[in-house]
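Below is coords37.cif, which holds mmCIF, C-alpha atoms.
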```cif
data_query
#
loop_
_atom_site.label_atom_id
_atom_site.label_comp_id
_atom_site.auth_asym_id
_atom_site.auth_seq_id
_atom_site.Cartn_x
_atom_site.Cartn_y
_atom_site.Cartn_z
CA ALA P 1093 10.88 12.84 29.47
CA ASP P 1094 12.45 11.83 32.80
CA GLY P 1095 14.17 8.82 31.23
CA SER P 1096 11.95 6.18 32.81
CA LEU P 1097 10.31 3.36 30.88
CA ARG P 1098 6.81 3.98 29.60
CA PRO P 1099 4.25 1.50 31.04
CA ALA P 1100 3.84 -0.40 27.78
CA TRP P 1101 7.55 -1.22 27.69
CA GLN P 1102 7.96 -2.29 31.30
CA SER P 1103 6.76 -5.86 30.81
CA LEU P 1104 9.31 -6.47 28.04
CA ALA P 1105 12.19 -4.47 29.46
CA GLY P 1106 13.51 -7.22 31.73
CA LEU P 1107 13.69 -9.76 28.90
CA ALA P 1108 15.15 -7.32 26.38
CA LEU P 1109 17.78 -5.87 28.70
CA ALA P 1110 18.83 -9.34 29.82
CA LEU P 1111 20.14 -10.16 26.34
CA THR P 1112 23.95 -10.26 26.63
CA PRO P 1113 26.23 -9.52 23.66
CA SER P 1114 26.79 -13.24 23.12
CA GLU P 1115 23.04 -13.89 23.32
CA LEU P 1116 22.37 -11.12 20.78
CA ALA P 1117 24.93 -12.64 18.44
CA ARG P 1118 23.16 -16.01 18.73
CA VAL P 1119 19.80 -14.37 18.05
CA GLU P 1120 21.06 -12.53 14.99
CA GLY P 1121 22.63 -15.70 13.61
CA GLU P 1122 19.47 -17.77 14.09
CA ILE P 1123 17.27 -15.06 12.55
CA THR P 1124 19.53 -14.95 9.49
CA ARG P 1125 19.46 -18.74 9.18
CA PHE P 1126 15.67 -19.07 9.56
CA LEU P 1127 15.01 -16.32 7.00
CA ALA P 1128 17.49 -17.84 4.55
CA ASP P 1129 15.94 -21.31 4.94
CA ASP P 1130 12.52 -19.86 4.07
CA GLY P 1131 13.90 -17.87 1.15
CA VAL P 1132 12.75 -14.50 2.52
CA THR P 1133 14.22 -11.73 0.38
CA TYR P 1134 13.46 -8.21 -0.78
CA VAL P 1135 14.40 -7.56 -4.41
CA ARG P 1136 15.95 -4.15 -5.05
CA PRO P 1137 16.07 -2.93 -8.66
CA ASP P 1138 19.68 -1.81 -8.37
CA SER P 1139 21.15 -4.71 -6.42
CA GLY P 1140 18.89 -7.74 -6.84
CA ALA P 1141 17.56 -9.93 -4.03
CA GLN P 1142 18.71 -8.89 -0.57
CA PRO P 1143 18.23 -10.81 2.71
CA TRP P 1144 15.21 -9.64 4.71
CA GLN P 1145 16.21 -7.58 7.76
CA LEU P 1146 14.47 -8.33 11.05
CA ASP P 1147 14.92 -6.54 14.38
CA PRO P 1148 14.23 -9.00 17.23
CA VAL P 1149 12.96 -6.30 19.62
CA PRO P 1150 9.37 -5.29 18.83
CA LEU P 1151 7.95 -1.79 18.67
CA VAL P 1152 5.43 -1.62 21.49
CA VAL P 1153 2.22 0.39 21.01
CA ASP P 1154 0.00 0.40 24.11
CA ALA P 1155 -3.73 -0.27 23.90
CA ALA P 1156 -4.78 3.37 24.36
CA ALA P 1157 -2.51 4.65 21.60
CA TRP P 1158 -3.48 1.79 19.30
CA ALA P 1159 -7.21 2.42 19.81
CA ARG P 1160 -6.86 5.99 18.52
CA LEU P 1161 -4.62 4.86 15.69
CA GLU P 1162 -6.96 2.03 14.70
CA THR P 1163 -9.94 4.39 14.54
CA GLY P 1164 -7.99 6.87 12.45
CA LEU P 1165 -6.77 4.22 10.02
CA ALA P 1166 -10.26 2.77 9.59
CA GLN P 1167 -11.65 6.22 8.84
CA ARG P 1168 -8.82 6.90 6.41
CA ALA P 1169 -9.49 3.69 4.50
CA GLU P 1170 -13.18 4.63 4.23
CA LEU P 1171 -12.26 8.12 3.08
CA LEU P 1172 -9.79 6.93 0.43
CA ASN P 1173 -12.43 4.56 -0.94
CA ALA P 1174 -14.95 7.42 -1.13
CA VAL P 1175 -12.42 9.73 -2.80
CA LEU P 1176 -11.51 7.06 -5.36
CA ALA P 1177 -15.15 6.34 -6.20
CA ASP P 1178 -15.78 10.06 -6.62
CA LEU P 1179 -12.74 10.78 -8.81
CA TYR P 1180 -13.75 8.06 -11.28
CA GLY P 1181 -17.48 8.71 -10.91
CA PRO P 1182 -19.35 12.00 -10.32
CA GLN P 1183 -16.12 13.98 -9.64
CA SER P 1184 -17.91 16.24 -7.18
CA LEU P 1185 -14.63 16.94 -5.36
CA LEU P 1186 -13.16 18.36 -8.56
CA SER P 1187 -16.20 20.33 -9.69
CA SER P 1188 -16.58 21.94 -6.24
CA GLY P 1189 -12.88 22.80 -6.03
CA THR P 1190 -12.43 20.75 -2.84
CA ILE P 1191 -9.50 19.09 -4.62
CA PRO P 1192 -7.82 21.03 -7.47
CA ALA P 1193 -8.42 19.25 -10.77
CA ALA P 1194 -4.85 19.92 -11.92
CA ALA P 1195 -3.45 18.04 -8.92
CA VAL P 1196 -5.41 14.94 -9.92
CA LEU P 1197 -5.37 15.04 -13.71
CA GLY P 1198 -1.62 15.73 -13.72
CA HIS P 1199 -0.84 12.51 -11.84
CA SER P 1200 0.03 9.39 -13.83
CA GLY P 1201 -2.06 7.25 -11.48
CA PHE P 1202 -5.29 8.80 -12.81
CA LEU P 1203 -6.39 6.44 -15.60
CA ARG P 1204 -8.71 8.24 -18.02
CA PRO P 1205 -10.01 5.02 -19.67
CA LEU P 1206 -11.74 4.19 -16.36
CA ALA P 1207 -13.27 7.61 -15.64
CA ARG P 1208 -17.01 7.88 -16.25
CA SER P 1209 -20.00 9.77 -14.88
CA THR P 1210 -21.49 6.70 -13.19
CA ALA P 1211 -18.92 4.44 -11.56
CA ALA P 1212 -19.90 0.76 -11.51
CA ASP P 1213 -17.74 -0.04 -8.49
CA ARG P 1214 -18.75 1.82 -5.34
CA HIS P 1215 -16.10 0.00 -3.30
CA PRO P 1216 -12.96 0.03 -5.47
CA LEU P 1217 -10.62 -0.02 -2.47
CA LEU P 1218 -10.47 -3.17 -0.34
CA LEU P 1219 -6.86 -2.95 0.87
CA SER P 1220 -4.86 0.05 1.99
CA GLY P 1221 -1.56 0.63 3.73
CA THR P 1222 -0.37 3.75 5.53
CA ASP P 1223 3.18 4.91 6.25
CA LEU P 1224 3.21 6.49 9.72
CA GLY P 1225 5.59 8.48 11.88
CA ARG P 1226 5.45 10.29 15.20
CA ASP P 1227 6.02 14.02 15.51
CA ALA P 1228 7.87 15.83 18.31
CA ASP P 1229 4.77 15.63 20.52
CA GLY P 1230 4.44 11.88 20.04
CA GLU P 1231 1.36 12.18 17.83
CA TRP P 1232 0.97 9.90 14.82
CA ARG P 1233 1.23 11.53 11.39
CA VAL P 1234 0.59 10.06 7.94
CA LEU P 1235 3.62 10.11 5.65
CA ALA P 1236 2.04 8.40 2.63
CA ASP P 1237 -0.80 6.13 1.54
CA ARG P 1238 -0.14 2.79 -0.19
CA VAL P 1239 -3.08 1.59 -2.27
CA GLN P 1240 -1.65 0.59 -5.66
CA ALA P 1241 -0.68 -2.89 -4.46
CA PRO P 1242 -0.07 -2.68 -0.68
CA SER P 1243 2.24 -5.41 0.56
CA GLY P 1244 3.67 -6.61 3.84
CA LEU P 1245 1.28 -9.26 5.18
CA GLY P 1246 3.59 -12.12 4.26
CA PHE P 1247 6.64 -10.38 5.72
CA ALA P 1248 4.74 -9.64 8.95
CA MET P 1249 3.67 -13.26 9.37
CA GLU P 1250 7.22 -14.48 8.68
CA ASN P 1251 8.62 -11.99 11.21
CA ARG P 1252 6.37 -13.41 13.90
CA ARG P 1253 7.10 -17.00 13.03
CA VAL P 1254 10.86 -16.45 13.25
CA ILE P 1255 10.79 -14.44 16.48
CA SER P 1256 8.50 -16.98 18.14
CA GLN P 1257 11.21 -19.63 17.56
CA VAL P 1258 14.31 -17.55 18.26
CA LEU P 1259 13.01 -15.63 21.29
CA PRO P 1260 9.95 -17.57 22.51
CA ASP P 1261 9.88 -15.88 25.94
CA LEU P 1262 9.97 -12.40 24.44
CA TYR P 1263 7.30 -13.30 21.90
CA GLN P 1264 4.94 -14.80 24.48
CA GLN P 1265 5.46 -11.91 26.88
CA SER P 1266 4.59 -9.36 24.19
CA ASP P 1267 1.27 -11.19 23.57
CA PRO P 1268 0.63 -9.68 20.10
CA HIS P 1269 -2.78 -9.65 18.47
CA ARG P 1270 -3.14 -12.67 16.19
CA MET P 1271 -3.06 -12.11 12.43
CA GLU P 1272 -4.97 -15.24 11.39
CA PRO P 1273 -8.40 -13.56 11.76
CA TYR P 1274 -7.25 -10.88 9.32
CA PHE P 1275 -6.36 -13.51 6.71
CA SER P 1276 -9.75 -15.16 7.20
CA ALA P 1277 -11.54 -11.83 6.83
CA LEU P 1278 -9.51 -10.98 3.72
CA HIS P 1279 -10.34 -14.32 2.11
CA ALA P 1280 -14.04 -13.85 2.80
CA THR P 1281 -13.97 -10.27 1.52
CA LEU P 1282 -12.30 -11.27 -1.73
CA ALA P 1283 -14.86 -13.99 -2.34
CA ALA P 1284 -17.73 -11.62 -1.52
CA SER P 1285 -16.39 -9.02 -3.97
CA ALA P 1286 -17.01 -11.23 -7.00
CA PRO P 1287 -19.46 -10.00 -9.66
CA GLU P 1288 -23.12 -10.46 -8.82
CA GLY P 1289 -24.51 -13.92 -9.40
CA VAL P 1290 -21.23 -15.82 -9.00
CA ALA P 1291 -21.81 -18.55 -6.41
CA GLU P 1292 -18.30 -20.03 -6.23
CA PRO P 1293 -15.87 -17.35 -7.42
CA ARG P 1294 -12.40 -18.13 -8.65
CA VAL P 1295 -9.91 -15.75 -7.01
CA VAL P 1296 -6.29 -15.41 -8.16
CA VAL P 1297 -3.27 -13.32 -7.17
CA LEU P 1298 -1.70 -11.53 -10.17
CA THR P 1299 2.07 -11.16 -9.73
CA PRO P 1300 4.69 -9.45 -11.90
CA GLY P 1301 6.82 -12.56 -11.41
CA PRO P 1302 9.81 -13.72 -9.35
CA HIS P 1303 11.78 -10.53 -10.03
CA SER P 1304 9.23 -8.37 -8.23
CA GLU P 1305 10.49 -6.49 -5.15
CA THR P 1306 7.97 -8.30 -2.94
CA ALA P 1307 7.85 -11.69 -4.69
CA PHE P 1308 8.11 -13.55 -1.38
CA ASP P 1309 5.21 -11.56 0.07
CA GLN P 1310 3.02 -12.30 -2.95
CA ALA P 1311 3.75 -16.03 -2.85
CA PHE P 1312 3.16 -16.17 0.91
CA LEU P 1313 -0.17 -14.35 0.55
CA ALA P 1314 -1.38 -16.66 -2.23
CA ARG P 1315 -0.37 -19.74 -0.24
CA GLY P 1316 -1.89 -18.41 2.99
CA LEU P 1317 -5.20 -17.64 1.32
CA GLY P 1318 -5.26 -20.81 -0.75
CA LEU P 1319 -5.29 -18.89 -4.07
CA SER P 1320 -3.59 -19.46 -7.41
CA LEU P 1321 -0.54 -17.29 -8.04
CA VAL P 1322 -0.62 -16.28 -11.71
CA GLN P 1323 1.21 -14.01 -14.13
CA GLY P 1324 -0.34 -12.08 -16.99
CA SER P 1325 0.71 -14.79 -19.45
CA ASP P 1326 -1.47 -17.30 -17.56
CA LEU P 1327 -4.68 -15.33 -18.30
CA VAL P 1328 -6.60 -14.39 -21.41
CA VAL P 1329 -9.63 -12.22 -22.14
CA ARG P 1330 -12.32 -13.73 -24.36
CA GLY P 1331 -15.82 -12.33 -24.84
CA GLY P 1332 -15.16 -9.57 -22.32
CA ARG P 1333 -14.33 -12.10 -19.58
CA VAL P 1334 -11.07 -13.23 -18.01
CA TRP P 1335 -10.09 -16.88 -18.23
CA MET P 1336 -7.26 -19.14 -17.14
CA LYS P 1337 -5.31 -20.33 -20.17
CA PRO P 1338 -5.78 -24.09 -20.51
CA THR P 1339 -3.09 -26.59 -21.37
CA GLY P 1340 -2.77 -26.65 -25.13
CA TRP P 1341 -3.80 -23.03 -25.60
CA PRO P 1342 -4.74 -21.69 -28.16
CA ARG P 1343 -5.90 -24.97 -29.68
CA ARG P 1344 -8.13 -25.55 -26.66
CA GLU P 1345 -10.77 -23.05 -25.55
CA PRO P 1346 -10.62 -21.79 -21.92
CA THR P 1347 -13.16 -23.18 -19.47
CA GLU P 1348 -12.10 -21.71 -16.09
CA GLN P 1349 -13.33 -18.14 -15.68
CA VAL P 1350 -11.57 -15.78 -13.23
CA ASP P 1351 -13.93 -13.65 -11.13
CA VAL P 1352 -11.63 -11.77 -8.73
CA ILE P 1353 -8.02 -10.69 -9.22
CA LEU P 1354 -5.94 -9.58 -6.25
CA ARG P 1355 -3.40 -7.64 -8.26
CA ARG P 1356 0.22 -7.04 -7.37
CA VAL P 1357 0.96 -5.46 -10.74
CA ASP P 1358 0.87 -1.65 -10.91
CA ALA P 1359 -2.18 -0.50 -12.86
CA GLU P 1360 -0.41 1.03 -15.85
CA TRP P 1361 1.19 -2.35 -16.62
CA CYS P 1362 -2.04 -4.37 -16.37
CA ASP P 1363 -3.34 -3.96 -19.93
CA PRO P 1364 -1.07 -3.44 -22.97
CA LEU P 1365 -4.14 -2.76 -25.11
CA GLU P 1366 -5.43 0.37 -23.34
CA LEU P 1367 -2.78 1.34 -20.80
CA ARG P 1368 0.95 0.80 -21.29
CA SER P 1369 1.52 -0.74 -24.70
CA ASP P 1370 5.01 -2.08 -23.92
CA SER P 1371 3.86 -4.09 -20.90
CA ARG P 1372 4.48 -7.82 -20.81
CA LEU P 1373 3.05 -8.16 -17.30
CA GLY P 1374 -0.64 -7.56 -17.98
CA VAL P 1375 -3.55 -9.06 -19.88
CA ALA P 1376 -4.75 -7.53 -23.14
CA GLY P 1377 -8.41 -6.51 -22.76
CA LEU P 1378 -8.42 -6.51 -18.96
CA THR P 1379 -9.61 -2.89 -18.78
CA GLU P 1380 -12.64 -3.69 -20.93
CA ALA P 1381 -13.50 -6.68 -18.72
CA VAL P 1382 -13.35 -4.38 -15.70
CA ARG P 1383 -15.66 -1.86 -17.39
CA ARG P 1384 -18.14 -4.63 -18.21
CA GLY P 1385 -18.12 -5.77 -14.60
CA THR P 1386 -17.27 -9.38 -15.44
CA VAL P 1387 -14.17 -9.37 -13.22
CA ARG P 1388 -13.30 -7.56 -10.00
CA LEU P 1389 -9.80 -6.19 -9.45
CA VAL P 1390 -8.53 -5.60 -5.93
CA ASN P 1391 -7.61 -2.84 -5.67
CA GLY P 1392 -9.34 -1.14 -8.61
CA LEU P 1393 -7.18 -0.26 -11.60
CA GLY P 1394 -7.26 3.49 -10.93
CA ALA P 1395 -6.34 3.29 -7.25
CA GLY P 1396 -2.81 4.58 -7.85
CA VAL P 1397 -4.07 8.17 -8.02
CA LEU P 1398 -4.54 8.05 -4.24
CA GLU P 1399 -0.77 7.77 -3.78
CA ASN P 1400 -0.50 11.28 -5.20
CA PRO P 1401 1.17 13.38 -2.45
CA ALA P 1402 -0.65 16.48 -3.69
CA LEU P 1403 -3.89 15.05 -2.24
CA LEU P 1404 -2.63 15.16 1.36
CA PRO P 1405 -3.41 18.84 2.11
CA TYR P 1406 -6.94 18.47 0.69
CA LEU P 1407 -8.05 15.28 2.45
CA PRO P 1408 -9.39 17.06 5.59
CA ALA P 1409 -11.85 19.04 3.42
CA ALA P 1410 -12.66 15.93 1.38
CA CYS P 1411 -13.41 14.02 4.58
CA GLU P 1412 -15.95 16.62 5.67
CA ALA P 1413 -17.48 16.73 2.19
CA LEU P 1414 -17.81 12.96 1.67
CA LEU P 1415 -18.11 11.53 5.20
CA GLY P 1416 -19.37 14.52 7.17
CA GLU P 1417 -16.55 13.99 9.69
CA GLN P 1418 -13.30 15.63 10.67
CA LEU P 1419 -10.17 13.78 9.62
CA ARG P 1420 -8.85 11.95 12.69
CA LEU P 1421 -5.35 11.10 11.46
CA PRO P 1422 -3.54 14.16 10.04
CA ALA P 1423 -0.66 14.03 7.58
CA VAL P 1424 2.69 15.75 7.85
CA PRO P 1425 2.48 19.41 6.75
CA THR P 1426 2.28 19.34 2.95
CA TRP P 1427 1.93 22.02 0.28
CA TRP P 1428 1.02 21.59 -3.40
CA CYS P 1429 2.78 24.32 -5.33
CA GLY P 1430 -0.05 24.68 -7.84
CA ASP P 1431 -1.91 26.64 -5.15
CA ASP P 1432 -0.83 30.30 -4.97
CA GLU P 1433 -0.93 30.57 -1.17
CA ALA P 1434 0.86 27.27 -0.66
CA ARG P 1435 3.51 28.19 -3.21
CA ALA P 1436 4.15 31.49 -1.43
CA VAL P 1437 4.72 29.63 1.86
CA VAL P 1438 7.07 27.17 0.16
CA LEU P 1439 9.06 29.89 -1.61
CA ASP P 1440 9.63 31.75 1.64
CA ARG P 1441 11.00 28.58 3.22
CA VAL P 1442 13.03 27.67 0.14
CA ARG P 1443 14.72 31.07 0.18
CA SER P 1444 15.53 30.63 3.86
CA GLU P 1445 17.02 27.20 3.04
CA ASP P 1446 14.77 25.42 5.54
CA PRO P 1447 16.44 22.01 6.11
CA SER P 1448 13.20 20.35 7.22
CA LEU P 1449 11.58 20.46 3.76
CA PHE P 1450 11.53 17.76 1.13
CA VAL P 1451 10.37 18.38 -2.41
CA ARG P 1452 9.07 16.01 -5.07
CA THR P 1453 7.07 16.08 -8.26
CA LEU P 1454 3.61 14.54 -8.39
CA ASP P 1455 5.08 11.23 -9.58
CA GLY P 1456 8.69 11.47 -8.40
CA SER P 1457 10.59 10.39 -5.32
CA ARG P 1458 11.32 12.96 -2.64
CA ARG P 1459 14.60 14.84 -2.28
CA ASP P 1460 15.89 17.76 -0.26
CA LEU P 1461 16.02 21.34 -1.53
CA THR P 1462 19.64 21.20 -2.69
CA GLY P 1463 19.96 22.74 -6.13
CA LEU P 1464 16.26 23.63 -6.43
CA ASP P 1465 15.63 26.81 -8.39
CA ALA P 1466 12.95 28.75 -6.52
CA ALA P 1467 11.77 30.37 -9.74
CA ALA P 1468 10.92 26.92 -11.16
CA VAL P 1469 8.61 25.85 -8.32
CA ASP P 1470 5.16 25.31 -9.84
CA GLY P 1471 2.17 22.99 -9.88
CA VAL P 1472 4.15 19.82 -10.48
CA PHE P 1473 5.93 20.13 -7.14
CA VAL P 1474 4.76 18.89 -3.74
CA VAL P 1475 6.64 19.87 -0.60
CA THR P 1476 6.46 18.12 2.76
CA ALA P 1477 7.98 18.93 6.13
CA SER P 1478 10.02 16.14 7.68
CA LEU P 1479 9.22 14.88 11.16
CA PRO P 1480 11.75 16.25 13.68
CA THR P 1481 13.98 13.67 15.29
#
```
Structure translated into structure tokens:
Amino acid sequence: ADGSLRPAWQSLAGLALALTPSELARVEGEITRFLADDGVTYVRPDSGAQPWQLDPVPLVVDAAAWARLETGLAQRAELLNAVLADLYGPQSLLSSGTIPAAAVLGHSGFLRPLARSTAADRHPLLLSGTDLGRDADGEWRVLADRVQAPSGLGFAMENRRVISQVLPDLYQQSDPHRMEPYFSALHATLAASAPEGVAEPRVVVLTPGPHSETAFDQAFLARGLGLSLVQGSDLVVRGGRVWMKPTGWPRREPTEQVDVILRRVDAEWCDPLELRSDSRLGVAGLTEAVRRGTVRLVNGLGAGVLENPALLPYLPAACEALLGEQLRLPAVPTWWCGDDEARAVVLDRVRSEDPSLFVRTLDGSRRDLTGLDAAAVDGVFVVTASLPT
């Protein structure tokens, strides 16, 4: 508040502030060249592949703040796994009213072909990502959960590699935690998640292909973990099991069974037989193989329901119900308009033209309140308050 540097920034301040305009120009040029040489891009649907953007100055989070954040994120991952297992299994959260059934069943990420009274997979969620922001008091708030096919590991590793070459002094002074142990743990976890009785599991990364937004990230992850990068056309389901298509298919029968699939294809596109019939990205019969337990998908096919923004206001109660704990990492204020009390709060703020609110449908992207008819606000709408700047 008094304009002085916070302790965590003091060690880097001298190096960062010493960068002259000419030095910054050199840094930006070298970053662009290194990223281009490695082919690092982010593919946008409307404009194609764009160069990856990298800020050379890191965001510093001190040890005390990170310890609280780390604990909250670990709890959140455990909670999301428990919620997912419950929604596709006993559905106690729905029957008790802890989470409104309409908020779940109305979301496209809830896949009915996978819902059953006894879920075979008690740990359907092995990877999760969380979008975070800080509020006016400096406290971390959750903006959204990413569990469908969370990405970013490859980009993060590339960021570090480039900065370590362009600004070695700054990189060494920041002394970041190493990411290699995470990759080792992820590789071991994927292997351990194979169906029971598989001694040497075959693990593959399922990609939508080179036109995917995060194609670089998927290829980097497969290479870093030593896994095969495959598309749906490379796999086939026979006898309720997933196999690699051999050379000469279909004249030759498959011999290499796939036990674990780290998927980067959104669930609805994974099986044209039971899910989206017009998909060319998935594998016909994959859903049945999952039900039989002959293959493990990471994350589980129905994980996309957790990205439903309408769940945010109900997660504190779900945490107490499933884990017996209070939720450590709160979300931004959120209201699902299918709840009468929440809708009344939203309507009052809509009528007052509150500029801090953003509205979205269960499956849509967020927008501001411009042009929103208050009379039309109902259960398909979710409203969040933006973090003040």
Could you give me, as JSON, numbers by chain, the residues within 10 Å of Glu1305 of chain P, counting all atoms listed in the file and dropping anything in the same chain fewer than 3 positions from it? {"P": [1133, 1134, 1135, 1136, 1137, 1140, 1141, 1142, 1300, 1301, 1302, 1308, 1309, 1310]}
Closest atom pairs, segment 1318-1406 of chain P residues within 9 Å of segment 1225-1248 of chain P, all atoms listed in the file, as a Markdown table:
```
| residue | atom | partner | partner_atom | distance |
| --- | --- | --- | --- | --- |
| P:Leu1354 | CA | P:Ala1241 | CA | 8.7 |
| P:Arg1355 | CA | P:Ala1241 | CA | 6.7 |
| P:Arg1356 | CA | P:Ala1241 | CA | 5.1 |
| P:Val1357 | CA | P:Ala1241 | CA | 7.0 |
| P:Asp1358 | CA | P:Gln1240 | CA | 6.2 |
| P:Ala1359 | CA | P:Gln1240 | CA | 7.3 |
| P:Val1390 | CA | P:Ala1241 | CA | 8.4 |
| P:Asn1391 | CA | P:Gln1240 | CA | 6.9 |
| P:Gly1392 | CA | P:Gln1240 | CA | 8.4 |
| P:Leu1393 | CA | P:Gln1240 | CA | 8.2 |
| P:Gly1394 | CA | P:Gln1240 | CA | 8.2 |
| P:Ala1395 | CA | P:Gln1240 | CA | 5.6 |
| P:Gly1396 | CA | P:Gln1240 | CA | 4.7 |
| P:Val1397 | CA | P:Gln1240 | CA | 8.3 |
| P:Leu1398 | CA | P:Val1239 | CA | 6.9 |
| P:Glu1399 | CA | P:Asp1237 | CA | 5.6 |
| P:Asn1400 | CA | P:Asp1237 | CA | 8.5 |
| P:Pro1401 | CA | P:Ala1236 | CA | 7.2 |
| P:Leu1404 | CA | P:Ala1236 | CA | 8.3 |
```
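Within the 7 Å cut-off around segment 1168-1175 of chain P, using all atoms listed in the file and omitting residues fewer than 6 positions from it on the same chain, the listed residues are P:His1215, P:Pro1216, P:Leu1217, P:Ser1220, P:Cys1411, P:Leu1414.
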List the residues selected by the PyMOL selection byres ((chain P and resi 1297) around 8) in the file shown, writing them as a short mmCIF file (atom, residue, chain, number, x, y, z; two decimals) with C-alpha atoms, in the coordinates of the input.
```cif
data_model
loop_
_atom_site.label_atom_id
_atom_site.label_comp_id
_atom_site.auth_asym_id
_atom_site.auth_seq_id
_atom_site.Cartn_x
_atom_site.Cartn_y
_atom_site.Cartn_z
CA VAL P 1295 -9.91 -15.75 -7.01
CA VAL P 1296 -6.29 -15.41 -8.16
CA LEU P 1298 -1.70 -11.53 -10.17
CA THR P 1299 2.07 -11.16 -9.73
CA GLN P 1310 3.02 -12.30 -2.95
CA ALA P 1314 -1.38 -16.66 -2.23
CA LEU P 1319 -5.29 -18.89 -4.07
CA SER P 1320 -3.59 -19.46 -7.41
CA LEU P 1321 -0.54 -17.29 -8.04
CA VAL P 1322 -0.62 -16.28 -11.71
CA ILE P 1353 -8.02 -10.69 -9.22
CA LEU P 1354 -5.94 -9.58 -6.25
CA ARG P 1355 -3.40 -7.64 -8.26
CA ARG P 1356 0.22 -7.04 -7.37
#
```
Write out as a ChimeraX atom specification the residues lying within 9 Å of segment 1342-1351 of chain P, counting all atoms listed in the file and excluding same-chain residues fewer than 3 positions away. /P:1283,1285-1287,1290,1293-1296,1327-1328,1330,1333-1339,1386-1389
Residue with the minimum atom-to-atom distance to Ala1277 of chain P, picked from P:Val1149, P:Asp1431, P:Ser1114, P:Leu1219 with all atoms listed in the file counted, is P:Leu1219
Could you list the residues chosen by the PyMOL selection byres ((chain P and resi 1130) around 12) in this structure as a ChimeraX atom specification? /P:1123-1129,1131-1133,1143-1144,1246-1247,1250-1251,1253-1254,1308-1309,1311-1312
What's around Gly1385 of chain P at 9 Å? Count only C-alpha atoms, leave out sequence neighbours fewer than 4 positions away in its own chain, and write the answer as an MDAnalysis selection string. chainID P and resid 1212:1213 1287:1288 1333 1380:1381
Box along x, y and z, 5 Å on every side, all listed atoms of segment 1416-1421 of chain P inside: centre and edge lengths in Å to one decimal, as JSON.
```
{"center_x": -12.4, "center_y": 13.4, "center_z": 9.9, "size_x": 24.0, "size_y": 14.5, "size_z": 15.5}
```
Quick check on the file I pasted: which residues fall under the PyMOL selection byres ((chain P and resi 1203) around 12)? Write them as an MDAnalysis selection string. chainID P and resid 1176 1179:1180 1196:1202 1204:1208 1358:1363 1366:1368 1379 1392:1398
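For the atom pair formed by atom CA of Ala1159 of chain P and atom CA of Gln1418 of chain P, the distance is 17.2 Å, given to one decimal.
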Got a sec: who's within 6 Å of segment 1447-1449 of chain P, counting all atoms listed in the file, leaving out chain neighbours fewer than 5 positions off, as a list in words? Thr1476, Ala1477 and Ser1478 of chain P
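Going from atom CA of Leu1421 of chain P to atom CA of Gly1164 of chain P covers 5.1 Å.
Here atom CA of Asp1326 of chain P is placed at a distance of 12.1 Å from atom CA of Gly1340 of chain P.
Here the question is which of P:Leu1262, P:Gly1430, P:Ser1444, P:Gly1324 gets nearest to Gly1106 of chain P using all atoms listed in the file, and that residue is P:Leu1262.
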